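Structure file input_13.csv (CSV, C-alpha atoms) is printed below.
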chain,number,residue,atom,x,y,z
A,1,MET,CA,21.4,27.7,27.5
A,2,ASN,CA,21.5,23.9,26.8
A,3,THR,CA,19.8,23.3,30.2
A,4,SER,CA,16.9,25.6,29.2
A,5,ASN,CA,16.6,23.9,25.8
A,6,GLU,CA,16.7,20.5,27.4
A,7,ARG,CA,13.8,21.4,29.6
A,8,ARG,CA,11.8,22.7,26.6
A,9,LEU,CA,12.4,19.4,24.8
A,10,LEU,CA,11.4,17.4,27.8
A,11,VAL,CA,8.1,19.3,28.1
A,12,VAL,CA,7.4,18.9,24.3
A,13,PHE,CA,8.3,15.2,24.5
A,14,ALA,CA,5.9,14.6,27.3
A,15,LEU,CA,3.1,16.4,25.4
A,16,THR,CA,3.8,14.6,22.1
A,17,PHE,CA,4.1,11.1,23.5
A,18,GLY,CA,1.2,11.5,25.8
A,19,TYR,CA,-1.1,12.8,23.0
A,20,ALA,CA,0.2,10.0,20.7
A,21,LEU,CA,-1.2,7.4,23.1
A,22,ILE,CA,-4.5,9.4,23.4
A,23,GLN,CA,-4.7,9.6,19.6
A,24,ALA,CA,-4.1,5.9,19.2
A,25,LEU,CA,-6.9,5.1,21.7
A,26,GLY,CA,-9.2,7.7,20.0
A,27,GLY,CA,-8.5,6.1,16.6
A,28,TRP,CA,-9.3,2.7,17.9
A,29,LEU,CA,-12.5,3.8,19.6
A,30,SER,CA,-13.7,5.9,16.6
A,31,GLY,CA,-12.6,3.5,14.0
A,32,SER,CA,-10.3,6.1,12.4
A,33,LEU,CA,-7.3,4.6,10.7
A,34,ALA,CA,-6.1,8.2,10.0
A,35,LEU,CA,-5.8,8.9,13.7
A,36,ILE,CA,-3.9,5.7,14.3
A,37,ALA,CA,-1.6,6.5,11.4
A,38,ASP,CA,-1.0,10.0,12.7
A,39,SER,CA,-0.3,8.6,16.2
A,40,GLY,CA,2.5,6.6,14.6
A,41,HIS,CA,3.8,9.8,13.1
A,42,MET,CA,3.7,11.5,16.5
A,43,ILE,CA,5.4,8.5,18.1
A,44,SER,CA,8.2,8.8,15.6
A,45,ASP,CA,8.5,12.4,16.4
A,46,ALA,CA,8.4,11.6,20.2
A,47,ALA,CA,11.3,9.2,19.6
A,48,ALA,CA,13.2,11.9,17.7
A,49,LEU,CA,12.7,14.3,20.7
A,50,LEU,CA,13.8,11.6,23.0
A,51,LEU,CA,17.0,11.1,21.0
A,52,ALA,CA,17.6,14.8,21.1
A,53,LEU,CA,17.3,14.7,24.9
A,54,ILE,CA,19.7,11.8,25.1
A,55,ALA,CA,22.1,13.9,23.0
A,56,TYR,CA,22.3,16.5,25.8
A,57,ARG,CA,22.9,13.8,28.4
A,58,ILE,CA,25.5,12.0,26.4
A,59,ALA,CA,27.4,15.2,25.8
A,60,ARG,CA,27.9,15.5,29.5
A,61,LYS,CA,29.1,11.9,29.9
A,62,PRO,CA,32.8,11.5,29.6
A,63,ALA,CA,34.5,8.7,27.6
A,64,ASP,CA,36.3,5.9,29.5
A,65,ALA,CA,39.2,3.6,29.0
A,66,THR,CA,37.2,1.0,27.0
A,67,ARG,CA,34.8,3.5,25.2
A,68,THR,CA,37.2,6.1,24.0
A,69,TYR,CA,34.5,7.7,21.8
A,70,GLY,CA,32.0,7.6,24.7
A,71,PHE,CA,28.4,6.4,24.2
A,72,HIS,CA,27.5,8.4,21.1
A,73,ARG,CA,26.6,5.3,19.0
A,74,ILE,CA,23.8,4.4,21.3
A,75,ARG,CA,21.8,7.2,19.6
A,76,VAL,CA,22.5,5.7,16.2
A,77,LEU,CA,21.3,2.2,17.3
A,78,ALA,CA,18.2,3.7,18.9
A,79,ALA,CA,17.5,5.7,15.6
A,80,LEU,CA,17.9,2.5,13.6
A,81,ALA,CA,15.5,0.5,15.8
A,82,ASN,CA,13.0,3.4,15.7
A,83,GLY,CA,13.1,3.7,11.9
A,84,ALA,CA,12.8,-0.1,11.4
A,85,SER,CA,9.7,-0.3,13.7
A,86,LEU,CA,8.1,2.6,11.9
A,87,LEU,CA,8.5,1.0,8.5
A,88,ILE,CA,6.7,-2.1,9.9
A,89,LEU,CA,3.9,0.2,11.2
A,90,VAL,CA,3.6,1.9,7.8
A,91,ALA,CA,3.3,-1.5,6.1
A,92,TRP,CA,0.4,-2.4,8.4
A,93,ILE,CA,-1.3,1.0,7.8
A,94,GLY,CA,-1.0,0.6,4.1
A,95,TRP,CA,-2.5,-2.9,4.1
A,96,GLU,CA,-5.3,-1.9,6.4
A,97,ALA,CA,-6.0,1.3,4.3
A,98,ILE,CA,-6.4,-0.7,1.1
A,99,SER,CA,-8.7,-3.2,2.9
A,100,ARG,CA,-10.9,-0.3,4.1
A,101,ILE,CA,-11.0,1.3,0.6
A,102,ASN,CA,-12.3,-2.0,-0.8
A,103,SER,CA,-14.6,-2.6,2.2
A,104,PRO,CA,-15.4,0.8,3.9
A,105,VAL,CA,-16.1,0.7,7.7
A,106,GLU,CA,-18.0,3.2,9.8
A,107,VAL,CA,-16.0,6.1,11.2
A,108,LEU,CA,-17.2,8.2,14.1
A,109,ALA,CA,-16.4,11.6,12.7
A,110,GLY,CA,-17.4,13.4,15.9
A,111,PRO,CA,-14.9,11.7,18.3
A,112,MET,CA,-12.3,11.8,15.5
A,113,LEU,CA,-12.7,15.6,15.2
A,114,VAL,CA,-12.4,16.1,19.0
A,115,VAL,CA,-9.2,14.1,19.2
A,116,ALA,CA,-7.8,15.9,16.1
A,117,VAL,CA,-8.6,19.3,17.6
A,118,ILE,CA,-6.9,18.4,20.9
A,119,GLY,CA,-3.9,17.3,18.8
A,120,LEU,CA,-3.8,20.7,17.1
A,121,LEU,CA,-3.8,22.5,20.4
A,122,VAL,CA,-1.0,20.2,21.8
A,123,ASN,CA,1.1,20.8,18.7
A,124,ILE,CA,0.6,24.6,18.8
A,125,ILE,CA,1.8,24.6,22.5
A,126,GLY,CA,4.8,22.4,21.6
A,127,ALA,CA,5.7,24.6,18.6
A,128,TRP,CA,5.5,27.8,20.7
A,129,THR,CA,7.6,26.2,23.5
A,130,LEU,CA,10.4,25.3,21.0
A,131,TRP,CA,10.1,28.5,19.0
A,132,SER,CA,10.8,30.6,22.1
A,133,GLY,CA,14.0,28.7,22.7
A,134,ASN,CA,17.5,29.1,21.1
A,135,ARG,CA,16.9,28.2,17.5
A,136,ASP,CA,20.6,28.3,16.8
A,137,ASP,CA,20.7,24.9,18.6
A,138,GLY,CA,20.5,22.1,16.0
A,139,ASN,CA,18.7,19.7,18.3
A,140,LEU,CA,16.0,22.3,19.1
A,141,ARG,CA,15.6,23.3,15.4
A,142,GLY,CA,15.2,19.7,14.3
A,143,ALA,CA,12.6,19.1,17.1
A,144,LEU,CA,10.7,22.2,16.0
A,145,LEU,CA,10.5,20.8,12.4
A,146,HIS,CA,9.1,17.6,13.7
A,147,VAL,CA,6.4,19.3,15.8
A,148,ILE,CA,5.4,21.5,12.8
A,149,GLY,CA,4.9,18.4,10.8
A,150,ASP,CA,2.7,17.0,13.5
A,151,LEU,CA,0.7,20.2,13.5
A,152,LEU,CA,0.1,19.9,9.8
A,153,GLY,CA,-1.0,16.3,10.3
A,154,SER,CA,-3.6,17.4,12.9
A,155,VAL,CA,-4.9,20.0,10.5
A,156,ALA,CA,-5.4,17.3,7.8
A,157,ALA,CA,-7.2,15.0,10.3
A,158,ILE,CA,-9.5,17.9,11.2
A,159,ALA,CA,-10.3,18.4,7.5
A,160,ALA,CA,-11.0,14.7,7.0
A,161,ALA,CA,-13.3,14.6,10.0
A,162,ILE,CA,-15.2,17.6,8.9
A,163,GLY,CA,-15.4,16.1,5.4
A,164,ILE,CA,-16.8,12.9,6.7
A,165,MET,CA,-19.4,14.8,8.8
A,166,LEU,CA,-20.5,16.9,5.8
A,167,THR,CA,-20.4,14.2,3.0
A,168,GLY,CA,-20.5,10.8,4.8
A,169,TRP,CA,-17.5,9.8,2.6
A,170,THR,CA,-15.7,7.5,5.1
A,171,ILE,CA,-13.2,6.7,2.3
A,172,LEU,CA,-11.6,10.0,3.3
A,173,ASP,CA,-10.2,8.3,6.4
A,174,PRO,CA,-8.1,5.6,4.7
A,175,LEU,CA,-7.0,8.0,2.0
A,176,LEU,CA,-5.7,10.4,4.7
A,177,SER,CA,-4.1,7.5,6.6
A,178,ILE,CA,-2.1,6.7,3.4
A,179,LEU,CA,-1.0,10.4,3.2
A,180,VAL,CA,0.2,10.4,6.8
A,181,ALA,CA,1.9,7.0,6.3
A,182,LEU,CA,3.9,8.5,3.4
A,183,LEU,CA,5.1,11.3,5.8
A,184,VAL,CA,6.0,8.6,8.3
A,185,VAL,CA,7.9,6.4,5.8
A,186,LYS,CA,9.9,9.4,4.6
A,187,SER,CA,11.2,10.2,8.0
A,188,ALA,CA,11.6,6.5,9.0
A,189,TRP,CA,13.5,5.7,5.8
A,190,GLY,CA,15.8,8.6,6.5
A,191,LEU,CA,16.5,7.4,10.0
A,192,VAL,CA,17.3,3.9,8.7
A,193,THR,CA,19.6,5.0,5.9
A,194,ASP,CA,21.4,7.6,7.9
A,195,SER,CA,21.9,5.1,10.8
A,196,ILE,CA,23.3,2.5,8.4
A,197,ARG,CA,25.6,5.0,6.8
A,198,VAL,CA,27.0,5.8,10.2
A,199,LEU,CA,27.4,2.2,11.3
A,200,LEU,CA,29.1,1.3,8.1
A,201,GLN,CA,31.5,4.3,8.6
A,202,ALA,CA,30.6,5.7,5.2
A,203,ALA,CA,32.1,9.0,4.3
A,204,PRO,CA,30.1,12.0,5.4
A,205,ARG,CA,27.5,13.3,2.9
A,206,GLY,CA,29.0,15.8,0.5
A,207,LEU,CA,32.6,14.6,1.0
A,208,ASP,CA,34.4,12.9,-1.9
A,209,ALA,CA,37.2,11.0,-0.2
A,210,ALA,CA,39.3,10.6,-3.4
A,211,ALA,CA,39.0,14.3,-4.3
A,212,ALA,CA,39.8,15.3,-0.7
A,213,GLU,CA,43.0,13.2,-0.8
A,214,ARG,CA,44.1,14.8,-4.1
A,215,GLU,CA,43.5,18.3,-2.7
A,216,ILE,CA,45.5,17.5,0.5
A,217,ALA,CA,48.4,16.4,-1.8
A,218,GLN,CA,48.3,20.0,-3.3
A,219,LEU,CA,48.7,21.7,0.1
A,220,PRO,CA,52.0,23.7,0.6
A,221,GLY,CA,54.7,21.4,1.9
A,222,VAL,CA,52.9,18.1,1.1
A,223,LEU,CA,54.6,15.8,-1.4
A,224,GLU,CA,52.1,13.0,-1.3
A,225,ALA,CA,48.9,12.1,0.5
A,226,GLY,CA,47.1,8.8,0.8
A,227,HIS,CA,45.1,6.4,3.0
A,228,PHE,CA,42.5,9.1,3.6
A,229,HIS,CA,39.5,7.9,5.6
A,230,ALA,CA,36.6,10.0,6.9
A,231,TRP,CA,33.5,8.8,8.8
A,232,THR,CA,30.7,10.1,10.9
A,233,LEU,CA,30.8,9.5,14.6
A,234,MET,CA,27.3,10.8,15.3
A,235,ASP,CA,25.1,13.6,13.9
A,236,GLN,CA,27.5,16.2,12.4
A,237,THR,CA,30.6,15.0,14.3
A,238,CYS,CA,33.1,13.6,11.8
A,239,VAL,CA,36.5,12.0,12.1
A,240,ALA,CA,39.3,11.6,9.6
A,241,THR,CA,42.7,10.1,9.2
A,242,VAL,CA,45.3,10.6,6.5
A,243,HIS,CA,48.9,9.9,5.7
A,244,VAL,CA,51.1,12.6,4.2
A,245,THR,CA,54.7,12.8,3.0
A,246,PRO,CA,56.6,16.1,3.4
A,247,GLN,CA,58.3,17.8,0.5
A,248,PRO,CA,62.1,18.1,0.8
A,249,GLY,CA,63.1,20.8,3.3
A,250,THR,CA,59.6,21.0,4.8
A,251,ASP,CA,59.3,20.7,8.6
A,252,ALA,CA,57.3,17.4,9.1
A,253,LEU,CA,55.8,18.7,12.3
A,254,ALA,CA,54.2,21.6,10.5
A,255,LEU,CA,52.0,19.3,8.3
A,256,PRO,CA,49.6,17.8,10.9
A,257,PRO,CA,48.1,21.1,12.0
A,258,LEU,CA,48.1,22.4,8.4
A,259,VAL,CA,46.1,19.4,7.1
A,260,ALA,CA,43.8,19.3,10.1
A,261,GLN,CA,42.9,23.0,9.8
A,262,TRP,CA,42.3,22.6,6.0
A,263,LEU,CA,39.9,19.7,6.6
A,264,LYS,CA,38.1,21.7,9.3
A,265,ASP,CA,37.7,24.7,7.0
A,266,GLN,CA,36.7,22.7,4.0
A,267,TYR,CA,34.5,19.9,5.5
A,268,ALA,CA,33.9,20.9,9.1
A,269,ILE,CA,35.9,17.8,10.4
A,270,GLU,CA,36.9,18.6,13.9
A,271,HIS,CA,38.8,15.4,14.8
A,272,VAL,CA,41.7,14.7,12.4
A,273,THR,CA,44.7,12.3,12.8
A,274,VAL,CA,47.6,13.0,10.4
A,275,GLN,CA,50.5,10.5,10.1
A,276,VAL,CA,53.7,11.8,8.5
A,277,ASP,CA,55.5,9.2,6.5
A,278,PRO,CA,59.0,9.3,5.0
A,279,PRO,CA,59.4,9.5,1.2
A,280,GLY,CA,58.3,6.2,-0.2
A,281,GLY,CA,56.4,5.4,3.0
A,282,LEU,CA,53.0,5.6,1.3
A,283,ILE,CA,54.0,3.2,-1.4
A,284,GLN,CA,55.3,0.7,1.2
A,285,ALA,CA,52.2,1.0,3.3
A,286,SER,CA,49.9,0.3,0.3
A,287,HIS,CA,51.5,-3.1,0.0

How would this structure read if it were set down as structure tokens?
Amino acid sequence: MNTSNERRLLVVFALTFGYALIQALGGWLSGSLALIADSGHMISDAAALLLALIAYRIARKPADATRTYGFHRIRVLAALANGASLLILVAWIGWEAISRINSPVEVLAGPMLVVAVIGLLVNIIGAWTLWSGNRDDGNLRGALLHVIGDLLGSVAAIAAAIGIMLTGWTILDPLLSILVALLVVKSAWGLVTDSIRVLLQAAPRGLDAAAAEREIAQLPGVLEAGHFHAWTLMDQTCVATVHVTPQPGTDALALPPLVAQWLKDQYAIEHVTVQVDPPGGLIQASH
């Protein structure tokens, strides 16, 4: 099933990236900043699709002696670079839009409309291609959301082109470009912040490390728990380590699987390392 989904993503990536280049060229020729802004939005989505494709390839690539976690963080670095470059693009679009509001320029609404309609058709094909795949696949579901966002952007560009043709209000173009830029900055900022969280090995969202440590200490057979750490390896793959001390009479070997299963059930953490310390060991380790 992953092979089928990978092919679908590859087709949609080619359509999205190819049309983004056409849209940027059309925006430059027609003078439409809105088309250029939406091309930036589509490039961001093409990058997201590319990262999803890389995920499938990386999943098949085994770890080696020097990269024991494999090459998963390459995706994080790519996402960070993608988000940072998009924020720079948004800053330029915002500056240019303000300039055009103060000093309007001519926009060729006809070519703008043609390019926007082509974009709508491309996005409809892409959405249908992904919709007919396995929507239980997180990669595919995320890609579908991106394409739907592009589809809505094309609808907005069509509305602006028609509005300019009917009213002559070229100010609609920079106003729409600001709206599209806001959509871009939202996704770009999310990429940057999520990437930084992963690279800083912050605790996964929704996990309170101190509370989790206290709850582990309440598990049957556990006397003490400490030095709990959890971080995101990539996407939803999380890793955790913790030290525990067994209660008197408790089989120390029974605690690692108990704690690991509890963390998996409570926080969906699949990779857990549990160190069993003798009584007083946690106090000594803290010093």

Using only C-alpha atoms, find the one residue out of A:Val276, A:Val155, A:Leu175, A:Leu51 that sits nearest to A:Ala225.
A:Val276

Select, from A:Pro246, A:Gly126, A:Pro204, A:Pro104, the residue with the minimum atom-to-atom distance to A:Leu15, counting all atoms listed in the file.
A:Gly126

Residue with smallest distance to A:Asp45 - pool A:Leu25, A:Leu223, A:Ile98, A:Ala20, counting all atoms listed in the file
A:Ala20

Could you give me, as a ChimeraX atom specification, the residues within 8 Å of A:Gly26, counting all atoms listed in the file and dropping anything in the same chain fewer than 4 positions from it?
/A:22,30,32,35,111-112,115

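In this comparison, which uses only C-alpha atoms, the residue of A:Ala202, A:Leu183, A:Leu9, A:Leu207 approaching A:Trp128 most closely is A:Leu9.
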
re atom CA of A:Ile124 and atom CA of A:Leu151: distance 6.9 Å

Write out as a VMD selection string which residues come within 7 Å of stretch 158-164 of chain A when counting all atoms listed in the file, dropping same-chain ones fewer than 2 positions away.
chain A and resid 109 112 to 113 116 to 117 154 to 156 166 to 170 172 to 173

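Comparing the minimum interatomic distances between A:Val76 and each of A:Ile196, A:Met42, A:Ala254, A:Ala209, counting all atoms listed in the file, we find that A:Ile196 sits nearest.
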
Expected axis-aligned box over every listed atom of stretch 225-236 of chain A, 5 Å added per side, centre plus edges in Å to one decimal, as lines of an AutoDock Vina configuration file:
center_x = 37.0
center_y = 11.3
center_z = 7.9
size_x = 33.8
size_y = 19.8
size_z = 24.8

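Considering the residues A:Leu130, A:Leu87, A:Leu108, A:Ala24 and counting all atoms listed in the file, A:Asn5 has its shortest atom-to-atom contact with A:Leu130.
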
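The space between atom CA of A:Gly119 and atom CA of A:Tyr19 spans 6.8 Å.
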
Excluding A:Gln275 and residues on its chain fewer than 4 positions from it, collect all residues at most 7 Å away from it, counting all atoms listed in the file, and give them as number ranges by chain.
A: 242-244

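If you count only C-alpha atoms and ignore residues fewer than 5 places along the chain from A:Leu255, what sits within 9 Å of it is Pro220, Gly221, Val222, Val244, Thr245, Pro246, Thr250, Ala260, Val274 and Val276 of chain A.
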
Tell me which residues come within 12 Å of (-1.8, -3.4, 7.3), as a PyMOL selection string, counting all atoms listed in the file in the file's coordinates.
chain A and resi 33+36-37+87-100+174+177-178+181

Would you list the residues near (31.1, 4.5, 6.9) (no more than 9 Å away, in the coordinates of the file, using only C-alpha atoms) as a compact mmCIF listing (two decimals) with C-alpha atoms, keeping the file's coordinate frame?
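This is the output file result.txt:
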# COMPACT_ATOMS: atom_id res chain seq x y z
CA ILE A 196 23.30 2.50 8.40
CA ARG A 197 25.60 5.00 6.80
CA VAL A 198 27.00 5.80 10.20
CA LEU A 199 27.40 2.20 11.30
CA LEU A 200 29.10 1.30 8.10
CA GLN A 201 31.50 4.30 8.60
CA ALA A 202 30.60 5.70 5.20
CA ALA A 203 32.10 9.00 4.30
CA PRO A 204 30.10 12.00 5.40
CA ALA A 230 36.60 10.00 6.90
CA TRP A 231 33.50 8.80 8.80
CA THR A 232 30.70 10.10 10.90

Could you add all heavy atoms to stretch 32-43 of chain A and give me the result as a CSV table (one decimal), in the frame of the given file?
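This went into out38.csv:
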chain,number,residue,atom,x,y,z
A,32,SER,N,-11.1,5.3,13.3
A,32,SER,CA,-10.3,6.1,12.4
A,32,SER,C,-8.9,5.6,12.2
A,32,SER,O,-8.1,5.7,13.1
A,32,SER,CB,-10.3,7.6,12.8
A,32,SER,OG,-9.4,8.3,12.0
A,33,LEU,N,-8.6,5.1,11.0
A,33,LEU,CA,-7.3,4.6,10.7
A,33,LEU,C,-6.3,5.8,10.6
A,33,LEU,O,-5.2,5.7,10.8
A,33,LEU,CB,-7.3,3.8,9.4
A,33,LEU,CG,-6.0,3.2,9.0
A,33,LEU,CD1,-5.5,2.2,10.0
A,33,LEU,CD2,-6.1,2.5,7.6
A,34,ALA,N,-6.9,7.0,10.1
A,34,ALA,CA,-6.1,8.2,10.0
A,34,ALA,C,-5.5,8.6,11.3
A,34,ALA,O,-4.3,9.0,11.4
A,34,ALA,CB,-6.9,9.3,9.3
A,35,LEU,N,-6.3,8.5,12.4
A,35,LEU,CA,-5.8,8.9,13.7
A,35,LEU,C,-4.7,8.0,14.1
A,35,LEU,O,-3.7,8.4,14.7
A,35,LEU,CB,-6.9,9.0,14.7
A,35,LEU,CG,-7.9,10.2,14.6
A,35,LEU,CD1,-9.0,10.0,15.7
A,35,LEU,CD2,-7.1,11.5,14.8
A,36,ILE,N,-4.9,6.7,13.9
A,36,ILE,CA,-3.9,5.7,14.3
A,36,ILE,C,-2.6,5.9,13.5
A,36,ILE,O,-1.5,5.9,14.1
A,36,ILE,CB,-4.4,4.2,14.0
A,36,ILE,CG1,-5.6,4.0,14.9
A,36,ILE,CG2,-3.3,3.2,14.3
A,36,ILE,CD1,-6.3,2.6,14.7
A,37,ALA,N,-2.8,6.2,12.2
A,37,ALA,CA,-1.6,6.5,11.4
A,37,ALA,C,-0.8,7.7,11.9
A,37,ALA,O,0.4,7.8,12.0
A,37,ALA,CB,-2.0,6.7,9.9
A,38,ASP,N,-1.6,8.8,12.2
A,38,ASP,CA,-1.0,10.0,12.7
A,38,ASP,C,-0.4,9.8,14.1
A,38,ASP,O,0.6,10.4,14.4
A,38,ASP,CB,-2.0,11.2,12.8
A,38,ASP,CG,-1.3,12.5,12.9
A,38,ASP,OD1,-0.3,12.7,12.2
A,38,ASP,OD2,-1.8,13.4,13.6
A,39,SER,N,-0.9,8.9,14.9
A,39,SER,CA,-0.3,8.6,16.2
A,39,SER,C,1.0,7.9,16.0
A,39,SER,O,2.0,8.2,16.7
A,39,SER,CB,-1.2,7.6,17.0
A,39,SER,OG,-1.2,6.3,16.5
A,40,GLY,N,1.2,7.1,14.9
A,40,GLY,CA,2.5,6.6,14.6
A,40,GLY,C,3.4,7.6,14.2
A,40,GLY,O,4.6,7.6,14.5
A,41,HIS,N,2.9,8.6,13.4
A,41,HIS,CA,3.8,9.8,13.1
A,41,HIS,C,4.2,10.5,14.3
A,41,HIS,O,5.4,10.9,14.4
A,41,HIS,CB,3.0,10.7,12.2
A,41,HIS,CG,3.8,11.8,11.6
A,41,HIS,ND1,3.2,13.0,11.1
A,41,HIS,CD2,5.1,12.0,11.4
A,41,HIS,CE1,4.2,13.8,10.7
A,41,HIS,NE2,5.3,13.2,10.8
A,42,MET,N,3.3,10.7,15.3
A,42,MET,CA,3.7,11.5,16.5
A,42,MET,C,4.6,10.6,17.4
A,42,MET,O,5.5,11.2,18.0
A,42,MET,CB,2.5,11.9,17.3
A,42,MET,CG,1.6,12.9,16.5
A,42,MET,SD,0.5,13.8,17.6
A,42,MET,CE,1.6,14.8,18.6
A,43,ILE,N,4.5,9.3,17.4
A,43,ILE,CA,5.4,8.5,18.1
A,43,ILE,C,6.8,8.6,17.5
A,43,ILE,O,7.8,8.6,18.3
A,43,ILE,CB,4.9,7.0,18.2
A,43,ILE,CG1,3.7,6.9,19.1
A,43,ILE,CG2,6.0,6.1,18.6
A,43,ILE,CD1,3.0,5.5,19.1
